[in-house]
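Asker: See work28.txt below, with compact mmCIF, C-alpha atoms.
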```txt
# COMPACT_ATOMS: atom_id res chain seq x y z
CA MET V 892 15.00 15.09 -43.16
CA ALA V 893 14.84 17.47 -46.10
CA SER V 894 16.49 16.74 -49.39
CA ALA V 895 20.18 17.60 -49.76
CA SER V 896 19.39 20.61 -51.92
CA LEU V 897 17.53 22.18 -49.02
CA ARG V 898 19.86 21.23 -46.20
CA CYS V 899 22.73 23.28 -44.87
CA ILE V 900 26.03 21.38 -45.05
CA SER V 901 27.32 20.96 -41.48
CA ASN V 902 25.66 18.71 -38.94
CA THR V 903 26.86 20.57 -35.82
CA VAL V 904 24.80 23.46 -34.47
CA CYS V 905 24.64 25.55 -31.30
CA ALA V 906 21.52 26.45 -29.30
CA MET V 907 21.65 29.39 -26.89
CA ASP V 908 19.98 29.71 -24.35
CA ALA V 909 19.35 25.95 -24.20
CA SER V 910 18.13 26.21 -20.59
CA SER V 911 14.91 27.97 -21.62
CA ARG V 912 11.71 26.13 -22.54
CA LEU V 913 12.19 27.00 -26.22
CA GLY V 914 15.90 26.25 -26.14
CA SER V 915 15.63 22.85 -24.47
CA SER V 916 12.78 21.80 -26.79
CA LEU V 917 14.80 22.93 -29.79
CA VAL V 918 17.80 20.90 -28.64
CA LYS V 919 15.69 17.76 -28.29
CA ARG V 920 14.22 18.16 -31.79
CA LEU V 921 17.64 18.80 -33.31
CA LEU V 922 19.02 15.66 -31.68
CA GLU V 923 16.05 13.68 -33.03
CA ARG V 924 16.91 14.93 -36.52
CA GLY V 925 20.48 13.68 -36.22
CA PHE V 926 22.28 16.93 -35.48
CA THR V 927 25.23 17.26 -33.13
CA VAL V 928 24.21 20.01 -30.71
CA HIS V 929 26.25 22.37 -28.58
CA ALA V 930 23.76 23.32 -25.87
CA ALA V 931 24.84 26.65 -24.37
CA ILE V 932 23.19 27.21 -21.02
CA GLN V 933 23.38 29.96 -18.43
CA ASN V 934 23.80 29.25 -14.75
CA HIS V 935 20.42 30.74 -13.89
CA GLY V 936 18.36 28.38 -16.07
CA ASP V 937 16.36 25.32 -15.13
CA TYR V 938 18.32 22.81 -17.13
CA GLU V 939 15.66 20.50 -18.57
CA LEU V 940 18.09 18.55 -20.75
CA ILE V 941 19.41 16.53 -17.83
CA SER V 942 16.09 14.66 -17.91
CA LEU V 943 16.92 13.21 -21.33
CA PRO V 944 17.49 9.44 -21.35
CA PRO V 945 21.17 8.55 -21.98
CA TYR V 946 20.47 7.34 -25.52
CA ASP V 947 18.88 10.71 -26.34
CA LYS V 948 22.04 12.56 -25.30
CA LYS V 949 24.11 11.11 -28.12
CA GLY V 950 25.45 14.06 -30.07
CA LEU V 951 24.85 16.50 -27.20
CA GLU V 952 27.60 18.62 -25.69
CA VAL V 953 26.75 21.09 -22.93
CA PHE V 954 28.52 24.44 -22.47
CA GLN V 955 28.15 26.88 -19.59
CA SER V 956 27.98 30.05 -21.64
CA ASP V 957 27.34 33.60 -20.47
CA PRO V 958 26.25 35.85 -23.38
CA PHE V 959 28.21 38.68 -21.72
CA ASP V 960 31.37 36.54 -21.78
CA TYR V 961 32.66 36.72 -25.34
CA HIS V 962 35.12 33.84 -24.93
CA SER V 963 32.55 31.46 -23.44
CA VAL V 964 30.33 32.16 -26.46
CA LEU V 965 33.24 31.45 -28.81
CA ASP V 966 33.86 28.12 -27.05
CA ALA V 967 30.24 27.06 -27.55
CA LEU V 968 30.28 28.08 -31.22
CA LYS V 969 33.50 26.27 -32.13
CA GLY V 970 32.89 23.91 -35.06
CA CYS V 971 29.22 24.88 -35.47
CA SER V 972 27.53 25.84 -38.73
CA CYS V 973 24.55 27.55 -37.13
CA LEU V 974 23.61 29.40 -33.97
CA PHE V 975 20.01 29.32 -32.74
CA TYR V 976 19.96 32.34 -30.44
CA SER V 977 17.27 33.32 -27.97
CA PHE V 978 17.60 35.61 -24.98
CA GLU V 979 16.44 34.37 -21.60
CA PRO V 980 16.58 36.99 -18.83
CA PRO V 981 17.81 36.07 -15.34
CA LYS V 982 15.13 34.54 -13.16
CA ASP V 983 14.92 37.65 -10.97
CA HIS V 984 14.11 39.76 -14.06
CA SER V 985 12.06 37.30 -16.13
CA ASN V 986 8.74 39.00 -15.42
CA ALA V 987 10.07 42.47 -14.64
CA TYR V 988 11.11 43.96 -17.95
CA ASP V 989 12.26 47.56 -17.71
CA GLU V 990 14.46 49.93 -19.69
CA TYR V 991 17.52 48.29 -18.16
CA MET V 992 16.56 44.95 -19.69
CA ALA V 993 16.45 46.61 -23.10
CA GLU V 994 20.10 47.62 -22.64
CA VAL V 995 20.96 44.08 -21.52
CA GLU V 996 19.36 42.51 -24.60
CA VAL V 997 21.17 44.90 -26.92
CA ARG V 998 24.55 44.19 -25.32
CA THR V 999 24.10 40.42 -25.42
CA ALA V 1000 22.87 40.46 -29.03
CA HIS V 1001 25.89 42.52 -30.08
CA ASN V 1002 28.31 40.27 -28.18
CA VAL V 1003 26.87 37.02 -29.56
CA LEU V 1004 26.69 38.25 -33.18
CA GLU V 1005 30.28 39.51 -32.96
CA ALA V 1006 31.34 36.05 -31.75
CA CYS V 1007 29.51 34.50 -34.72
CA ALA V 1008 31.38 36.83 -37.07
CA GLN V 1009 34.66 35.57 -35.61
CA THR V 1010 33.69 31.89 -36.00
CA GLU V 1011 34.69 30.72 -39.48
CA THR V 1012 32.38 27.70 -39.52
CA ILE V 1013 29.16 29.68 -38.91
CA GLU V 1014 26.94 29.60 -42.01
CA LYS V 1015 23.70 30.94 -40.56
CA VAL V 1016 22.30 32.60 -37.45
CA VAL V 1017 18.66 32.00 -36.47
CA PHE V 1018 17.81 34.90 -34.16
CA THR V 1019 14.68 34.60 -32.00
CA SER V 1020 12.89 37.93 -31.71
CA SER V 1021 9.25 38.79 -31.02
CA ALA V 1022 6.12 39.99 -32.72
CA THR V 1023 6.30 42.90 -30.27
CA ALA V 1024 9.20 44.17 -32.41
CA ILE V 1025 6.67 44.57 -35.24
CA ILE V 1026 3.25 45.58 -33.95
CA TRP V 1027 3.59 48.78 -31.90
CA GLY V 1028 3.20 52.40 -33.01
CA HIS V 1029 1.22 51.93 -36.23
CA ASP V 1030 -1.92 54.00 -36.83
CA HIS V 1031 -4.56 51.53 -37.98
CA LYS V 1032 -7.16 54.30 -38.13
CA LYS V 1033 -5.32 55.99 -41.00
CA SER V 1034 -5.25 52.81 -43.03
CA GLU V 1035 -8.01 50.27 -42.45
CA SER V 1036 -6.31 47.89 -44.89
CA LEU V 1037 -2.95 47.96 -43.07
CA ASP V 1038 -1.69 44.41 -42.45
CA LEU V 1039 1.45 44.19 -40.35
CA ASP V 1040 4.11 41.69 -41.40
CA GLU V 1041 7.89 41.24 -41.42
CA ARG V 1042 8.43 44.54 -43.23
CA HIS V 1043 7.21 46.54 -40.23
CA TRP V 1044 9.05 47.60 -37.09
CA SER V 1045 7.69 48.81 -33.78
CA ASP V 1046 8.20 52.52 -33.18
CA ILE V 1047 10.95 52.93 -30.55
CA ASN V 1048 9.72 56.31 -29.30
CA PHE V 1049 6.18 54.93 -28.99
CA CYS V 1050 7.46 52.00 -26.93
CA ARG V 1051 9.41 54.31 -24.61
CA LYS V 1052 6.47 56.69 -24.21
CA PHE V 1053 4.09 53.93 -23.10
CA LYS V 1054 6.76 51.91 -21.25
CA LEU V 1055 6.41 48.89 -23.50
CA TRP V 1056 9.77 47.59 -22.32
CA HIS V 1057 9.49 44.09 -23.80
CA ALA V 1058 8.73 45.54 -27.23
CA LEU V 1059 11.52 48.09 -26.85
CA ALA V 1060 14.05 45.43 -25.84
CA LYS V 1061 13.14 43.08 -28.68
CA THR V 1062 13.11 45.86 -31.28
CA LEU V 1063 16.47 47.36 -30.27
CA ALA V 1064 18.14 43.95 -29.84
CA GLU V 1065 16.94 42.70 -33.22
CA LYS V 1066 17.95 45.94 -34.98
CA THR V 1067 21.38 45.67 -33.35
CA ALA V 1068 21.71 42.08 -34.55
CA TRP V 1069 20.68 42.97 -38.12
CA ALA V 1070 23.09 45.91 -38.26
CA LEU V 1071 26.00 43.77 -37.10
CA ALA V 1072 25.03 40.86 -39.37
CA MET V 1073 25.01 43.14 -42.42
CA ASP V 1074 28.26 44.83 -41.41
CA ARG V 1075 30.05 41.50 -40.82
CA GLY V 1076 28.49 39.66 -43.76
CA LEU V 1077 26.64 37.13 -41.58
CA ASN V 1078 23.76 35.12 -43.01
CA MET V 1079 20.99 35.76 -40.48
CA VAL V 1080 17.26 35.12 -40.31
CA SER V 1081 14.96 36.11 -37.46
CA ILE V 1082 11.89 34.43 -36.02
CA ASN V 1083 9.47 37.04 -34.65
CA SER V 1084 7.43 34.92 -32.28
CA GLY V 1085 3.93 35.53 -31.01
CA LEU V 1086 3.08 34.94 -27.36
CA LEU V 1087 4.38 31.45 -26.52
CA ILE V 1088 1.67 29.27 -25.01
CA ASN V 1089 3.15 27.02 -22.32
CA PRO V 1090 2.29 25.77 -18.82
CA ASP V 1091 4.32 28.57 -17.20
CA LEU V 1092 2.37 31.35 -18.90
CA ASN V 1093 0.79 33.84 -16.51
CA ILE V 1094 -0.45 37.42 -16.40
CA THR V 1095 2.98 38.79 -15.44
CA ASN V 1096 4.51 37.79 -18.80
CA PRO V 1097 6.05 41.02 -20.18
CA TYR V 1098 4.76 40.27 -23.70
CA LEU V 1099 1.24 40.94 -22.39
CA LYS V 1100 1.83 44.62 -21.57
CA GLY V 1101 -0.79 46.32 -23.73
CA ALA V 1102 -2.68 43.07 -24.45
CA ALA V 1103 -6.06 44.85 -24.57
CA GLU V 1104 -4.77 47.25 -27.23
CA MET V 1105 -3.24 44.37 -29.19
CA TYR V 1106 -6.60 42.61 -29.13
CA GLU V 1107 -8.53 45.67 -30.32
CA ASP V 1108 -5.96 46.30 -33.08
CA GLY V 1109 -6.24 42.71 -34.32
CA VAL V 1110 -2.58 41.87 -33.67
CA LEU V 1111 -2.73 39.69 -30.54
CA VAL V 1112 -1.20 36.40 -31.72
CA THR V 1113 0.02 33.26 -29.97
CA VAL V 1114 2.21 30.33 -30.94
CA ASP V 1115 2.44 26.72 -29.75
CA LEU V 1116 5.85 25.43 -28.69
CA ASP V 1117 5.99 22.66 -31.34
CA PHE V 1118 5.16 25.11 -34.14
CA LEU V 1119 7.79 27.57 -32.91
CA VAL V 1120 10.46 24.86 -32.69
CA ASP V 1121 9.64 23.54 -36.18
CA SER V 1122 9.83 27.07 -37.57
CA HIS V 1123 13.35 27.51 -36.24
CA ILE V 1124 14.53 24.25 -37.73
CA TYR V 1125 12.90 24.87 -41.10
CA VAL V 1126 14.39 28.35 -41.55
CA TYR V 1127 17.80 26.84 -40.85
CA GLU V 1128 17.54 23.77 -43.05
CA ASP V 1129 16.14 25.63 -46.06
CA ILE V 1130 19.08 27.48 -47.59
CA SER V 1131 16.76 29.89 -49.44
CA THR V 1132 15.41 31.55 -46.28
CA TYR V 1133 16.13 35.22 -45.72
CA GLY V 1134 15.15 38.17 -43.55
CA ARG V 1135 12.45 38.08 -40.89
CA TYR V 1136 9.66 35.52 -40.32
CA LEU V 1137 6.60 36.43 -38.27
CA CYS V 1138 5.72 33.26 -36.36
CA TYR V 1139 2.30 32.45 -34.88
CA ASN V 1140 -0.43 29.89 -35.40
CA HIS V 1141 -3.40 31.48 -33.65
CA THR V 1142 -4.95 34.95 -33.62
CA ILE V 1143 -6.96 36.14 -30.63
CA ASN V 1144 -9.78 38.06 -32.32
CA THR V 1145 -13.02 36.91 -30.69
CA THR V 1146 -14.35 37.21 -27.15
CA GLU V 1147 -14.24 33.43 -26.84
CA ASP V 1148 -10.56 33.40 -27.83
CA ALA V 1149 -9.81 36.17 -25.35
CA PHE V 1150 -11.63 34.33 -22.56
CA LYS V 1151 -9.70 31.10 -23.25
CA LEU V 1152 -6.42 33.00 -23.11
CA ALA V 1153 -7.49 34.70 -19.87
CA GLU V 1154 -8.21 31.26 -18.37
CA LYS V 1155 -4.60 30.27 -19.09
CA LEU V 1156 -3.30 33.41 -17.40
CA PHE V 1157 -5.33 33.21 -14.20
CA PRO V 1158 -8.29 31.13 -12.95
CA LEU V 1159 -11.71 32.60 -13.70
CA PRO V 1160 -14.74 31.47 -11.66
CA SER V 1161 -17.15 31.92 -14.57
CA SER V 1162 -17.60 33.61 -17.92
CA PRO V 1163 -18.01 37.41 -17.84
CA PRO V 1164 -21.70 38.47 -17.99
CA SER V 1165 -21.27 39.92 -21.48
CA PHE V 1166 -19.41 36.87 -22.81
CA GLU V 1167 -22.42 35.16 -24.37
CA ARG V 1168 -23.73 38.38 -25.94
CA ASP V 1169 -20.47 39.65 -27.48
CA THR V 1170 -20.07 37.99 -30.86
CA ARG V 1171 -17.71 40.53 -32.37
CA ILE V 1172 -14.88 39.33 -34.57
CA ILE V 1173 -11.96 41.74 -34.52
CA GLN V 1174 -10.47 42.30 -37.96
CA GLN V 1175 -7.09 40.59 -38.12
CA ARG V 1176 -4.39 43.08 -39.11
CA ILE V 1177 -1.33 40.88 -39.06
CA SER V 1178 0.00 38.34 -41.57
CA ASN V 1179 2.48 35.45 -41.47
CA LYS V 1180 2.12 34.38 -45.13
CA LYS V 1181 5.90 34.30 -45.60
CA LEU V 1182 6.42 31.67 -42.90
CA ASN V 1183 3.32 29.68 -43.84
CA LYS V 1184 4.57 29.28 -47.42
CA LEU V 1185 7.94 28.09 -46.14
CA MET V 1186 6.32 25.55 -43.81
CA VAL V 1187 4.08 24.17 -46.57
CA ASP V 1188 6.96 23.88 -49.05
CA PHE V 1189 9.26 22.26 -46.51
CA ARG V 1190 6.71 19.70 -45.39
CA LYS V 1191 6.06 18.76 -49.02
CA SER V 1192 9.78 18.20 -49.56
CA GLU V 1193 10.03 16.05 -46.42
CA LYS V 1194 6.98 14.01 -47.43
CA GLY V 1195 8.49 13.41 -50.87
CA LEU V 1196 11.77 12.31 -49.33
CA LEU V 1197 10.04 9.86 -47.00
CA GLU V 1198 8.05 8.39 -49.89
CA ASN V 1199 11.24 7.91 -51.90
CA GLN V 1200 12.88 6.17 -48.95
CA GLU V 1201 9.90 3.83 -48.59
CA ASP V 1202 10.07 2.97 -52.31
CA CYS V 1203 13.72 1.96 -51.86
CA LEU V 1204 12.91 -0.46 -49.05
```
What's the structure tokens form of this structure?
Answerer:
Amino acid sequence: MASASLRCISNTVCAMDASSRLGSSLVKRLLERGFTVHAAIQNHGDYELISLPPYDKKGLEVFQSDPFDYHSVLDALKGCSCLFYSFEPPKDHSNAYDEYMAEVEVRTAHNVLEACAQTETIEKVVFTSSATAIIWGHDHKKSESLDLDERHWSDINFCRKFKLWHALAKTLAEKTAWALAMDRGLNMVSINSGLLINPDLNITNPYLKGAAEMYEDGVLVTVDLDFLVDSHIYVYEDISTYGRYLCYNHTINTTEDAFKLAEKLFPLPSSPPSFERDTRIIQQRISNKKLNKLMVDFRKSEKGLLENQEDCL
């Protein structure tokens, strides 16, 4: 664990939605680090935590929590110092984002943040958003040197015009959360995640709407599950974190990269005819320097702590 100067005080945290792949992995890592975890799950989720061995469930308390039900959210948050929040749509809408889902995300974000504001023990909210809330609607042709980062927001009108519903939902939900956090005096940070690489990934993933344009603009980024989970924990445990953190650990900017991603999305019988000839490298126009610095600093602090512990043995 990190040194005391970096750690938040309370040892009890809440993860919502803990029934998602990210949520369940986050719960497992938090338990490994000695946290007491309130795992808030929705009825629709595949509850992976039941597969944990009994000894791994020490410190775990499970709550059936509907983000639309204010009181069920309050119950899950009781006694917690932090909420790790991510939105997981119902199974029948998971790959069918539309304008309705944008309204749903906004309503749930508002409800959950309001519940946090009414929970006296909450010290920090870690809000999972998306890189799609950053990358859309910017004219790269006007500025060749434009690098997108946490300071940028996707253009809402652009997203509506081109029916980029996932980007619209994430942008509006995150803006709603930030507005409420500032109004209620909540300490919030957001993780703007790239496309999560996992075994369930397929071409219907709503993040991928406009993937060809993302690739050509140099902003198609992906993130591994372990890196994403670590990022959430680090931004919580380091009390100096603030604002938004763009989170990815791979940029798709070559034909080879694009082909490897396509193979994950659907089986390809062979490489495209032009694959061997196309050696272009798309200029990367996105930056996650803020998160990278945090990760480097945090790992140094953990390494120093472990070395000190070994010296005391």
Asker: Would you mind listing what lies within 12 Å of His1141 (chain V) as an MDAnalysis selection string, with all atoms listed in the file counted and same-chain residues fewer than 3 positions away left out?
Answerer: chainID V and resid 1084:1088 1109:1115 1118:1119 1138 1144:1145 1148:1149 1152 1175 1177:1179
Asker: Mind running region 1116-1137 of chain V against region 909-926 of chain V at 9 Å and telling me each contacting residue's nearest atom pair with the distance in Å (one decimal), counting only C-alpha atoms, chain and number ascending, as CSV?
Answerer:
```
residue,atom,partner,partner_atom,distance
V:Leu1116,CA,V:Leu913,CA,7.0
V:Asp1117,CA,V:Ser916,CA,8.2
V:Leu1119,CA,V:Leu913,CA,8.0
V:Val1120,CA,V:Leu917,CA,5.6
V:Asp1121,CA,V:Leu917,CA,8.2
V:His1123,CA,V:Leu917,CA,8.0
V:Ile1124,CA,V:Leu921,CA,7.7
```
Asker: Pick the closest to Arg1176 (chain V) from V:Asn1096, V:Asn1089, V:Thr1142, V:Thr1062: which is it, counting only C-alpha atoms?
Answerer: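 Of V:Asn1096, V:Asn1089, V:Thr1142, V:Thr1062, the one nearest Arg1176 (chain V), counting only C-alpha atoms, is V:Thr1142.
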Asker: Need the shell around Thr1010 (chain V): protein/DNA/RNA residues with any atom at most 10 Å away, counting all atoms listed in the file. Skip same-chain ones fewer than 3 positions apart. Format as a PDB file with C-alpha atoms, in the frame of the given file?
Answerer:
```pdb
ATOM      1  CA  LEU V 965      33.240  31.450 -28.810  1.00  0.00           C
ATOM      2  CA  ASP V 966      33.860  28.120 -27.050  1.00  0.00           C
ATOM      3  CA  LEU V 968      30.280  28.080 -31.220  1.00  0.00           C
ATOM      4  CA  LYS V 969      33.500  26.270 -32.130  1.00  0.00           C
ATOM      5  CA  GLY V 970      32.890  23.910 -35.060  1.00  0.00           C
ATOM      6  CA  CYS V 971      29.220  24.880 -35.470  1.00  0.00           C
ATOM      7  CA  SER V 972      27.530  25.840 -38.730  1.00  0.00           C
ATOM      8  CA  LEU V1004      26.690  38.250 -33.180  1.00  0.00           C
ATOM      9  CA  GLU V1005      30.280  39.510 -32.960  1.00  0.00           C
ATOM     10  CA  ALA V1006      31.340  36.050 -31.750  1.00  0.00           C
ATOM     11  CA  CYS V1007      29.510  34.500 -34.720  1.00  0.00           C
ATOM     12  CA  ILE V1013      29.160  29.680 -38.910  1.00  0.00           C
ATOM     13  CA  GLU V1014      26.940  29.600 -42.010  1.00  0.00           C
TER      14      GLU V1014
END
```
Asker: With region 1034-1048 of chain V as the partner and 7 Å as the cut-off, tabulate the residues of region 1135-1161 of chain V that qualify, each row holding the nearest pair of atoms and their distance in Å to one decimal, using only C-alpha atoms, sorted by chain and rising number, as CSV.
Answerer:
```
residue,atom,partner,partner_atom,distance
V:Arg1135,CA,V:Glu1041,CA,5.6
V:Tyr1136,CA,V:Glu1041,CA,6.1
V:Leu1137,CA,V:Glu1041,CA,5.9
```
Asker: Between CA of Leu1156 (chain V) and CA of Val1017 (chain V), what is the spacing in Å?
Answerer: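 It comes out at 29.1 Å.
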Asker: CA of Thr1170 (chain V) and CA of Leu1055 (chain V), how far apart in Å?
Answerer: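 These two atoms are separated by 29.6 Å.
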Asker: Please report the interatomic distance between CA of Tyr991 (chain V) and CA of Phe1049 (chain V) in Å with one decimal.
Answerer: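 Separation of CA of Tyr991 (chain V) and CA of Phe1049 (chain V): 17.0 Å.
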Asker: Set up a box along x, y and z of the file covering all listed atoms of region 1079-1087 of chain V, add 3 Å on every one of the six sides, and write the centre and edge lengths in Å to one decimal, as AutoDock Vina command-line options.
Answerer:
```
--center_x 12.0 --center_y 34.2 --center_z -33.5 --size_x 23.9 --size_y 11.6 --size_z 20.0
```
Asker: I need region 911-928 of chain V written out with N, CA, C and O atoms, as a PDB file, in the first residue's frame; please produce it.
Answerer:
```
ATOM      1  N   SER V 911     -20.428  -5.340 -13.240  1.00  0.00           N
ATOM      2  CA  SER V 911     -19.775  -5.218 -14.542  1.00  0.00           C
ATOM      3  C   SER V 911     -18.376  -5.826 -14.485  1.00  0.00           C
ATOM      4  O   SER V 911     -17.849  -6.122 -13.412  1.00  0.00           O
ATOM      5  N   ARG V 912     -17.761  -5.996 -15.655  1.00  0.00           N
ATOM      6  CA  ARG V 912     -16.402  -6.536 -15.693  1.00  0.00           C
ATOM      7  C   ARG V 912     -15.428  -5.618 -14.953  1.00  0.00           C
ATOM      8  O   ARG V 912     -14.597  -6.065 -14.165  1.00  0.00           O
ATOM      9  N   LEU V 913     -15.527  -4.305 -15.207  1.00  0.00           N
ATOM     10  CA  LEU V 913     -14.675  -3.355 -14.499  1.00  0.00           C
ATOM     11  C   LEU V 913     -14.984  -3.364 -13.019  1.00  0.00           C
ATOM     12  O   LEU V 913     -14.084  -3.430 -12.177  1.00  0.00           O
ATOM     13  N   GLY V 914     -16.268  -3.302 -12.670  1.00  0.00           N
ATOM     14  CA  GLY V 914     -16.657  -3.228 -11.268  1.00  0.00           C
ATOM     15  C   GLY V 914     -16.219  -4.426 -10.464  1.00  0.00           C
ATOM     16  O   GLY V 914     -15.673  -4.286  -9.355  1.00  0.00           O
ATOM     17  N   SER V 915     -16.440  -5.639 -10.988  1.00  0.00           N
ATOM     18  CA  SER V 915     -16.065  -6.841 -10.247  1.00  0.00           C
ATOM     19  C   SER V 915     -14.551  -6.954 -10.099  1.00  0.00           C
ATOM     20  O   SER V 915     -14.042  -7.363  -9.048  1.00  0.00           O
ATOM     21  N   SER V 916     -13.810  -6.556 -11.133  1.00  0.00           N
ATOM     22  CA  SER V 916     -12.341  -6.583 -11.052  1.00  0.00           C
ATOM     23  C   SER V 916     -11.837  -5.554 -10.049  1.00  0.00           C
ATOM     24  O   SER V 916     -10.876  -5.809  -9.306  1.00  0.00           O
ATOM     25  N   LEU V 917     -12.482  -4.414 -10.014  1.00  0.00           N
ATOM     26  CA  LEU V 917     -12.114  -3.374  -9.058  1.00  0.00           C
ATOM     27  C   LEU V 917     -12.363  -3.839  -7.622  1.00  0.00           C
ATOM     28  O   LEU V 917     -11.521  -3.636  -6.735  1.00  0.00           O
ATOM     29  N   VAL V 918     -13.488  -4.499  -7.399  1.00  0.00           N
ATOM     30  CA  VAL V 918     -13.794  -5.018  -6.062  1.00  0.00           C
ATOM     31  C   VAL V 918     -12.725  -6.001  -5.609  1.00  0.00           C
ATOM     32  O   VAL V 918     -12.236  -5.941  -4.477  1.00  0.00           O
ATOM     33  N   LYS V 919     -12.343  -6.911  -6.485  1.00  0.00           N
ATOM     34  CA  LYS V 919     -11.334  -7.915  -6.133  1.00  0.00           C
ATOM     35  C   LYS V 919     -10.002  -7.264  -5.758  1.00  0.00           C
ATOM     36  O   LYS V 919      -9.354  -7.665  -4.788  1.00  0.00           O
ATOM     37  N   ARG V 920      -9.592  -6.245  -6.528  1.00  0.00           N
ATOM     38  CA  ARG V 920      -8.329  -5.564  -6.243  1.00  0.00           C
ATOM     39  C   ARG V 920      -8.411  -4.789  -4.936  1.00  0.00           C
ATOM     40  O   ARG V 920      -7.431  -4.739  -4.165  1.00  0.00           O
ATOM     41  N   LEU V 921      -9.536  -4.171  -4.669  1.00  0.00           N
ATOM     42  CA  LEU V 921      -9.706  -3.425  -3.422  1.00  0.00           C
ATOM     43  C   LEU V 921      -9.647  -4.359  -2.222  1.00  0.00           C
ATOM     44  O   LEU V 921      -9.031  -4.037  -1.193  1.00  0.00           O
ATOM     45  N   LEU V 922     -10.268  -5.523  -2.333  1.00  0.00           N
ATOM     46  CA  LEU V 922     -10.214  -6.501  -1.250  1.00  0.00           C
ATOM     47  C   LEU V 922      -8.782  -6.967  -1.021  1.00  0.00           C
ATOM     48  O   LEU V 922      -8.338  -7.128   0.132  1.00  0.00           O
ATOM     49  N   GLU V 923      -8.044  -7.183  -2.108  1.00  0.00           N
ATOM     50  CA  GLU V 923      -6.636  -7.595  -1.999  1.00  0.00           C
ATOM     51  C   GLU V 923      -5.805  -6.551  -1.267  1.00  0.00           C
ATOM     52  O   GLU V 923      -4.834  -6.882  -0.576  1.00  0.00           O
ATOM     53  N   ARG V 924      -6.183  -5.276  -1.415  1.00  0.00           N
ATOM     54  CA  ARG V 924      -5.436  -4.192  -0.779  1.00  0.00           C
ATOM     55  C   ARG V 924      -5.927  -3.889   0.639  1.00  0.00           C
ATOM     56  O   ARG V 924      -5.485  -2.930   1.263  1.00  0.00           O
ATOM     57  N   GLY V 925      -6.844  -4.718   1.130  1.00  0.00           N
ATOM     58  CA  GLY V 925      -7.260  -4.593   2.524  1.00  0.00           C
ATOM     59  C   GLY V 925      -8.444  -3.697   2.773  1.00  0.00           C
ATOM     60  O   GLY V 925      -8.765  -3.393   3.934  1.00  0.00           O
ATOM     61  N   PHE V 926      -9.122  -3.266   1.726  1.00  0.00           N
ATOM     62  CA  PHE V 926     -10.291  -2.416   1.905  1.00  0.00           C
ATOM     63  C   PHE V 926     -11.518  -3.253   2.267  1.00  0.00           C
ATOM     64  O   PHE V 926     -11.632  -4.422   1.873  1.00  0.00           O
ATOM     65  N   THR V 927     -12.431  -2.653   3.013  1.00  0.00           N
ATOM     66  CA  THR V 927     -13.775  -3.183   3.163  1.00  0.00           C
ATOM     67  C   THR V 927     -14.599  -2.606   2.021  1.00  0.00           C
ATOM     68  O   THR V 927     -14.585  -1.391   1.798  1.00  0.00           O
ATOM     69  N   VAL V 928     -15.299  -3.467   1.281  1.00  0.00           N
ATOM     70  CA  VAL V 928     -15.964  -3.032   0.056  1.00  0.00           C
ATOM     71  C   VAL V 928     -17.461  -3.288   0.110  1.00  0.00           C
ATOM     72  O   VAL V 928     -17.900  -4.414   0.389  1.00  0.00           O
TER      73      VAL V 928
END
```
